[in-house]
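Only one structure is covered here, and it is reproduced in the block below.
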Amino acid sequence: MDAVRELPTVRVFLLDDHEIVRRGVREVLSDTGGIEVVGEASTGAEAAALVPRLRPDVALLDARLEDGSGIDVCRDIRAACPEVGCLILTSYDDDDALFAAIMAGAAGYLLKQIRGTDLVGAIRTIAAGGSLLDPAVTARVLARLREGSDVGRASAVLGTREREILVLIAEGLTNRQIAGRLHLSEKTVKNYVSSILDKLGLSSRTQAAVYAARRHA
């Protein structure tokens, strides 16, 4: 028992645009010994600014936000603070988002239907350097990868620069990061991304990232 009490406190940051959800999660974690909520935010911009200052062990991020995506925040956090473990928590059983979360560097992806004790266990696992994904979602994603698709023919419509940018999207880079990597303006990259989505018949960066992942699966 002494050894359990001597374990370091796990510092957690919460991101969710619903106050009632943050309050509920905070109460669950506060009732658990050894976990401290060190900060919270309702927008991705707030989280991206606060996490590098607070340096939590684990960032618990809502996948869908009014001002963007917790997955994008995860990507920013991992770039600025690779030691912070990111856990994506979502109400939606979304395979495309799971792909995006994996490519953004998330250590876990769980549905909000999870029990409080399981959430606590997941946070402890990630704080200890482990990773986890919801088994039901993962099984379907792997099945989709095995099925594959005729993507080679579609990719032929992309130019050299567009294919290069598609690879960087799959690596989780933002438009600004891609611009820096390729020595282009951010506006130029945005135009390339729009062209890629149009040519491939896709509607989002997440779908483009999934597309690229399937090509290389």
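Residues in the structure tokens are named by chain (A, B, ... in the order shown) and by number from 1 within that chain; ligands are numbered from 1 in the order shown.
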
Compile the contact shell of Ile196 (chain A) as a VMD selection string: residues with an atom at most 10 Å away, counting only C-alpha atoms, same-chain residues fewer than 2 positions apart removed.
chain A and resid 155 157 to 159 162 to 163 165 to 166 190 to 194 198 to 203 205 208

Save the residues we just selected, N, CA, C and O atoms, as a short mmCIF file (atom, residue, chain, number, x, y, z; two decimals), in the first residue's frame?
data_model
loop_
_atom_site.label_atom_id
_atom_site.label_comp_id
_atom_site.auth_asym_id
_atom_site.auth_seq_id
_atom_site.Cartn_x
_atom_site.Cartn_y
_atom_site.Cartn_z
N SER A 155 -4.76 8.72 -57.63
CA SER A 155 -3.62 9.56 -57.31
C SER A 155 -2.90 10.04 -58.56
O SER A 155 -2.11 10.98 -58.51
N VAL A 157 -4.08 11.65 -60.85
CA VAL A 157 -4.57 12.97 -61.25
C VAL A 157 -3.84 14.08 -60.50
O VAL A 157 -3.98 15.25 -60.83
N LEU A 158 -3.06 13.74 -59.46
CA LEU A 158 -2.36 14.75 -58.68
C LEU A 158 -1.01 15.08 -59.30
O LEU A 158 -0.32 14.22 -59.83
N GLY A 159 -0.65 16.35 -59.20
CA GLY A 159 0.67 16.77 -59.64
C GLY A 159 1.73 16.37 -58.62
O GLY A 159 1.42 15.94 -57.51
N GLU A 162 1.40 18.30 -55.41
CA GLU A 162 0.19 17.88 -54.68
C GLU A 162 0.42 16.55 -53.98
O GLU A 162 -0.01 16.35 -52.83
N ARG A 163 1.09 15.61 -54.64
CA ARG A 163 1.38 14.31 -54.01
C ARG A 163 2.30 14.51 -52.81
O ARG A 163 2.16 13.84 -51.78
N ILE A 165 2.49 17.19 -50.90
CA ILE A 165 1.71 17.79 -49.83
C ILE A 165 0.77 16.76 -49.21
O ILE A 165 0.57 16.75 -47.99
N LEU A 166 0.23 15.87 -50.01
CA LEU A 166 -0.65 14.82 -49.48
C LEU A 166 0.09 13.95 -48.48
O LEU A 166 -0.44 13.59 -47.43
N LYS A 190 -2.61 26.20 -48.78
CA LYS A 190 -4.07 26.07 -48.64
C LYS A 190 -4.72 25.83 -49.99
O LYS A 190 -5.63 25.01 -50.12
N ASN A 191 -4.23 26.52 -51.02
CA ASN A 191 -4.76 26.34 -52.37
C ASN A 191 -4.47 24.93 -52.88
O ASN A 191 -5.32 24.29 -53.52
N TYR A 192 -3.25 24.44 -52.60
CA TYR A 192 -2.90 23.08 -53.01
C TYR A 192 -3.81 22.06 -52.32
O TYR A 192 -4.27 21.09 -52.95
N VAL A 193 -4.05 22.26 -51.03
CA VAL A 193 -4.89 21.33 -50.28
C VAL A 193 -6.30 21.31 -50.87
O VAL A 193 -6.90 20.24 -51.05
N SER A 194 -6.83 22.47 -51.20
CA SER A 194 -8.17 22.55 -51.80
C SER A 194 -8.20 21.81 -53.14
O SER A 194 -9.17 21.10 -53.44
N ASP A 198 -10.41 18.46 -54.09
CA ASP A 198 -11.30 18.51 -55.25
C ASP A 198 -11.00 17.38 -56.23
O ASP A 198 -11.90 16.69 -56.70
N LYS A 199 -9.72 17.16 -56.52
CA LYS A 199 -9.35 16.13 -57.50
C LYS A 199 -9.65 14.72 -57.00
O LYS A 199 -9.97 13.82 -57.81
N LEU A 200 -9.54 14.50 -55.70
CA LEU A 200 -9.76 13.16 -55.15
C LEU A 200 -11.20 12.94 -54.70
O LEU A 200 -11.55 11.86 -54.24
N GLY A 201 -12.02 14.00 -54.81
CA GLY A 201 -13.41 13.87 -54.41
C GLY A 201 -13.59 13.73 -52.92
O GLY A 201 -14.51 13.05 -52.44
N LEU A 202 -12.71 14.39 -52.16
CA LEU A 202 -12.76 14.32 -50.70
C LEU A 202 -13.27 15.64 -50.15
O LEU A 202 -13.26 16.67 -50.84
N SER A 203 -13.69 15.61 -48.87
CA SER A 203 -14.28 16.82 -48.30
C SER A 203 -13.53 17.37 -47.10
O SER A 203 -13.91 18.42 -46.57
N ARG A 205 -9.50 17.37 -44.63
CA ARG A 205 -8.11 16.95 -44.45
C ARG A 205 -8.04 15.55 -43.84
O ARG A 205 -7.15 14.78 -44.16
N ALA A 208 -8.36 13.10 -46.49
CA ALA A 208 -7.12 13.07 -47.27
C ALA A 208 -6.04 12.27 -46.54
O ALA A 208 -5.29 11.50 -47.16
#

Find the residues around Val84 (chain A) up to 8 Å (only C-alpha atoms counted), leave out those fewer than 4 positions away in its own chain, and share them as an NGL selection string.
:A and (55-59 or 77-78)

I'd like the contact shell of Leu61 (chain A) - 7 Å cut-off, only C-alpha atoms, skipping same-chain residues fewer than 4 positions apart - returned as a ChimeraX atom specification.
/A:14-16,70,87-89

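Among the candidate residues A:Ser204, A:Leu29, A:Ala100, A:Gly68, the one lying nearest to Arg115 (chain A) is A:Leu29, with distances computed using only C-alpha atoms.
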
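Of the listed residues (A:Lys112, A:Arg124, A:Arg75, A:Arg64), A:Arg64 comes nearest to Asp17 (chain A); the distances count only C-alpha atoms.
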
Filtered DSSP result for chain A, state strand (DSSP E or B), as a JSON list (two decimals) with N, CA and C atoms, in the first residue's frame:
[["chain", "number", "residue", "atom", "x", "y", "z"],
["A", 10, "VAL", "N", -0.61, 12.08, -11.21],
["A", 10, "VAL", "CA", -0.76, 12.27, -12.65],
["A", 10, "VAL", "C", -1.46, 13.60, -12.89],
["A", 11, "ARG", "N", -0.82, 14.47, -13.65],
["A", 11, "ARG", "CA", -1.36, 15.80, -13.95],
["A", 11, "ARG", "C", -2.12, 15.73, -15.28],
["A", 12, "VAL", "N", -3.39, 16.16, -15.24],
["A", 12, "VAL", "CA", -4.27, 16.03, -16.40],
["A", 12, "VAL", "C", -4.82, 17.38, -16.83],
["A", 13, "PHE", "N", -4.91, 17.58, -18.14],
["A", 13, "PHE", "CA", -5.53, 18.78, -18.71],
["A", 13, "PHE", "C", -6.78, 18.34, -19.47],
["A", 14, "LEU", "N", -7.87, 19.11, -19.34],
["A", 14, "LEU", "CA", -9.14, 18.78, -19.97],
["A", 14, "LEU", "C", -9.49, 19.79, -21.07],
["A", 15, "LEU", "N", -9.90, 19.27, -22.23],
["A", 15, "LEU", "CA", -10.41, 20.12, -23.31],
["A", 15, "LEU", "C", -11.76, 19.57, -23.76],
["A", 35, "ILE", "N", -4.60, 11.65, -9.06],
["A", 35, "ILE", "CA", -4.83, 12.37, -10.31],
["A", 35, "ILE", "C", -5.25, 13.80, -9.98],
["A", 36, "GLU", "N", -4.60, 14.76, -10.63],
["A", 36, "GLU", "CA", -4.90, 16.18, -10.40],
["A", 36, "GLU", "C", -5.20, 16.86, -11.74],
["A", 37, "VAL", "N", -6.35, 17.52, -11.83],
["A", 37, "VAL", "CA", -6.69, 18.31, -13.01],
["A", 37, "VAL", "C", -6.00, 19.66, -12.87],
["A", 38, "VAL", "N", -5.01, 19.92, -13.71],
["A", 38, "VAL", "CA", -4.20, 21.13, -13.57],
["A", 38, "VAL", "C", -4.67, 22.27, -14.45],
["A", 39, "GLY", "N", -5.61, 21.99, -15.35],
["A", 39, "GLY", "CA", -6.11, 23.05, -16.22],
["A", 39, "GLY", "C", -7.18, 22.51, -17.13],
["A", 40, "GLU", "N", -7.95, 23.43, -17.72],
["A", 40, "GLU", "CA", -8.98, 23.02, -18.66],
["A", 40, "GLU", "C", -9.25, 24.15, -19.63],
["A", 41, "ALA", "N", -9.88, 23.80, -20.76],
["A", 41, "ALA", "CA", -10.19, 24.79, -21.78],
["A", 41, "ALA", "C", -11.45, 24.36, -22.52],
["A", 58, "VAL", "N", -0.95, 14.11, -19.06],
["A", 58, "VAL", "CA", -1.94, 13.65, -20.03],
["A", 58, "VAL", "C", -2.89, 14.79, -20.39],
["A", 59, "ALA", "N", -3.18, 14.95, -21.69],
["A", 59, "ALA", "CA", -4.18, 15.90, -22.15],
["A", 59, "ALA", "C", -5.37, 15.11, -22.66],
["A", 60, "LEU", "N", -6.53, 15.32, -22.03],
["A", 60, "LEU", "CA", -7.76, 14.64, -22.40],
["A", 60, "LEU", "C", -8.53, 15.57, -23.33],
["A", 61, "LEU", "N", -8.66, 15.21, -24.61],
["A", 61, "LEU", "CA", -9.12, 16.13, -25.63],
["A", 61, "LEU", "C", -10.40, 15.64, -26.31],
["A", 62, "ASP", "N", -11.41, 16.50, -26.36],
["A", 62, "ASP", "CA", -12.63, 16.19, -27.08],
["A", 62, "ASP", "C", -12.32, 16.24, -28.58],
["A", 64, "ARG", "N", -14.31, 16.67, -31.23],
["A", 64, "ARG", "CA", -15.01, 17.67, -32.03],
["A", 64, "ARG", "C", -15.32, 18.89, -31.19],
["A", 65, "LEU", "N", -14.85, 20.04, -31.68],
["A", 65, "LEU", "CA", -15.01, 21.30, -30.97],
["A", 65, "LEU", "C", -15.69, 22.32, -31.88],
["A", 68, "GLY", "N", -12.93, 23.84, -34.00],
["A", 68, "GLY", "CA", -12.00, 22.96, -34.71],
["A", 68, "GLY", "C", -12.07, 21.53, -34.21],
["A", 69, "SER", "N", -10.90, 20.94, -34.02],
["A", 69, "SER", "CA", -10.83, 19.54, -33.66],
["A", 69, "SER", "C", -9.80, 19.30, -32.57],
["A", 85, "GLY", "N", 1.15, 12.98, -23.09],
["A", 85, "GLY", "CA", 0.34, 11.96, -23.72],
["A", 85, "GLY", "C", -1.05, 12.48, -24.01],
["A", 86, "CYS", "N", -1.55, 12.29, -25.22],
["A", 86, "CYS", "CA", -2.86, 12.81, -25.60],
["A", 86, "CYS", "C", -3.88, 11.68, -25.72],
["A", 87, "LEU", "N", -5.02, 11.87, -25.08],
["A", 87, "LEU", "CA", -6.11, 10.90, -25.12],
["A", 87, "LEU", "C", -7.33, 11.58, -25.74],
["A", 88, "ILE", "N", -7.78, 11.07, -26.87],
["A", 88, "ILE", "CA", -8.94, 11.63, -27.56],
["A", 88, "ILE", "C", -10.19, 10.97, -27.01],
["A", 89, "LEU", "N", -11.15, 11.79, -26.57],
["A", 89, "LEU", "CA", -12.41, 11.30, -26.03],
["A", 89, "LEU", "C", -13.54, 11.85, -26.90],
["A", 90, "THR", "N", -14.39, 10.98, -27.41],
["A", 90, "THR", "CA", -15.40, 11.42, -28.36],
["A", 90, "THR", "C", -16.72, 10.70, -28.16],
["A", 108, "GLY", "N", -4.23, 7.42, -27.27],
["A", 108, "GLY", "CA", -5.46, 6.67, -27.05],
["A", 108, "GLY", "C", -6.65, 7.37, -27.66],
["A", 109, "TYR", "N", -7.70, 6.60, -27.94],
["A", 109, "TYR", "CA", -8.92, 7.12, -28.56],
["A", 109, "TYR", "C", -10.08, 6.34, -27.94],
["A", 110, "LEU", "N", -10.91, 6.99, -27.15],
["A", 110, "LEU", "CA", -11.98, 6.30, -26.42],
["A", 110, "LEU", "C", -13.32, 6.99, -26.64],
["A", 111, "LEU", "N", -14.38, 6.21, -26.57],
["A", 111, "LEU", "CA", -15.72, 6.74, -26.66],
["A", 111, "LEU", "C", -16.17, 7.25, -25.29],
["A", 132, "LEU", "N", -3.38, 3.08, -25.84],
["A", 132, "LEU", "CA", -4.57, 2.23, -25.94],
["A", 132, "LEU", "C", -5.53, 2.81, -26.96],
["A", 133, "LEU", "N", -6.32, 1.94, -27.54],
["A", 133, "LEU", "CA", -7.35, 2.35, -28.47],
["A", 133, "LEU", "C", -8.58, 1.50, -28.21]]

I need the residue nearest Gln113 (chain A) from this list: A:Ser91, A:Ile169, A:Ile178, A:Glu19. Use only C-alpha atoms for the distance.
A:Ser91

Rounded to one decimal in Å, what is the spacing between CA of Thr188 (chain A) and CA of Ala106 (chain A)?
28.3 Å

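Using only C-alpha atoms, the nearest neighbour of Gln207 (chain A) within the list A:Glu83, A:Glu164, A:Gly105, A:Ala170 is A:Ala170.
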
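The residue that comes closest to Asp118 (chain A), out of A:Thr32, A:Thr206, A:Ser185, A:Thr9 and on the basis of only C-alpha atoms, is A:Thr32.
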
With DSSP run on the backbone, what are the alpha helix (DSSP H) residues within region 5-149 of chain A? I'd like them as JSON, numbers by chain.
{"A": [5, 19, 20, 21, 22, 23, 24, 25, 26, 27, 28, 29, 30, 44, 45, 46, 47, 48, 49, 50, 51, 52, 53, 54, 70, 71, 72, 73, 74, 75, 76, 77, 78, 79, 80, 95, 96, 97, 98, 99, 100, 101, 102, 103, 104, 116, 117, 118, 119, 120, 121, 122, 123, 124, 125, 126, 127, 135, 136, 137, 138, 139, 140, 141, 142, 143, 144, 145, 146, 147]}
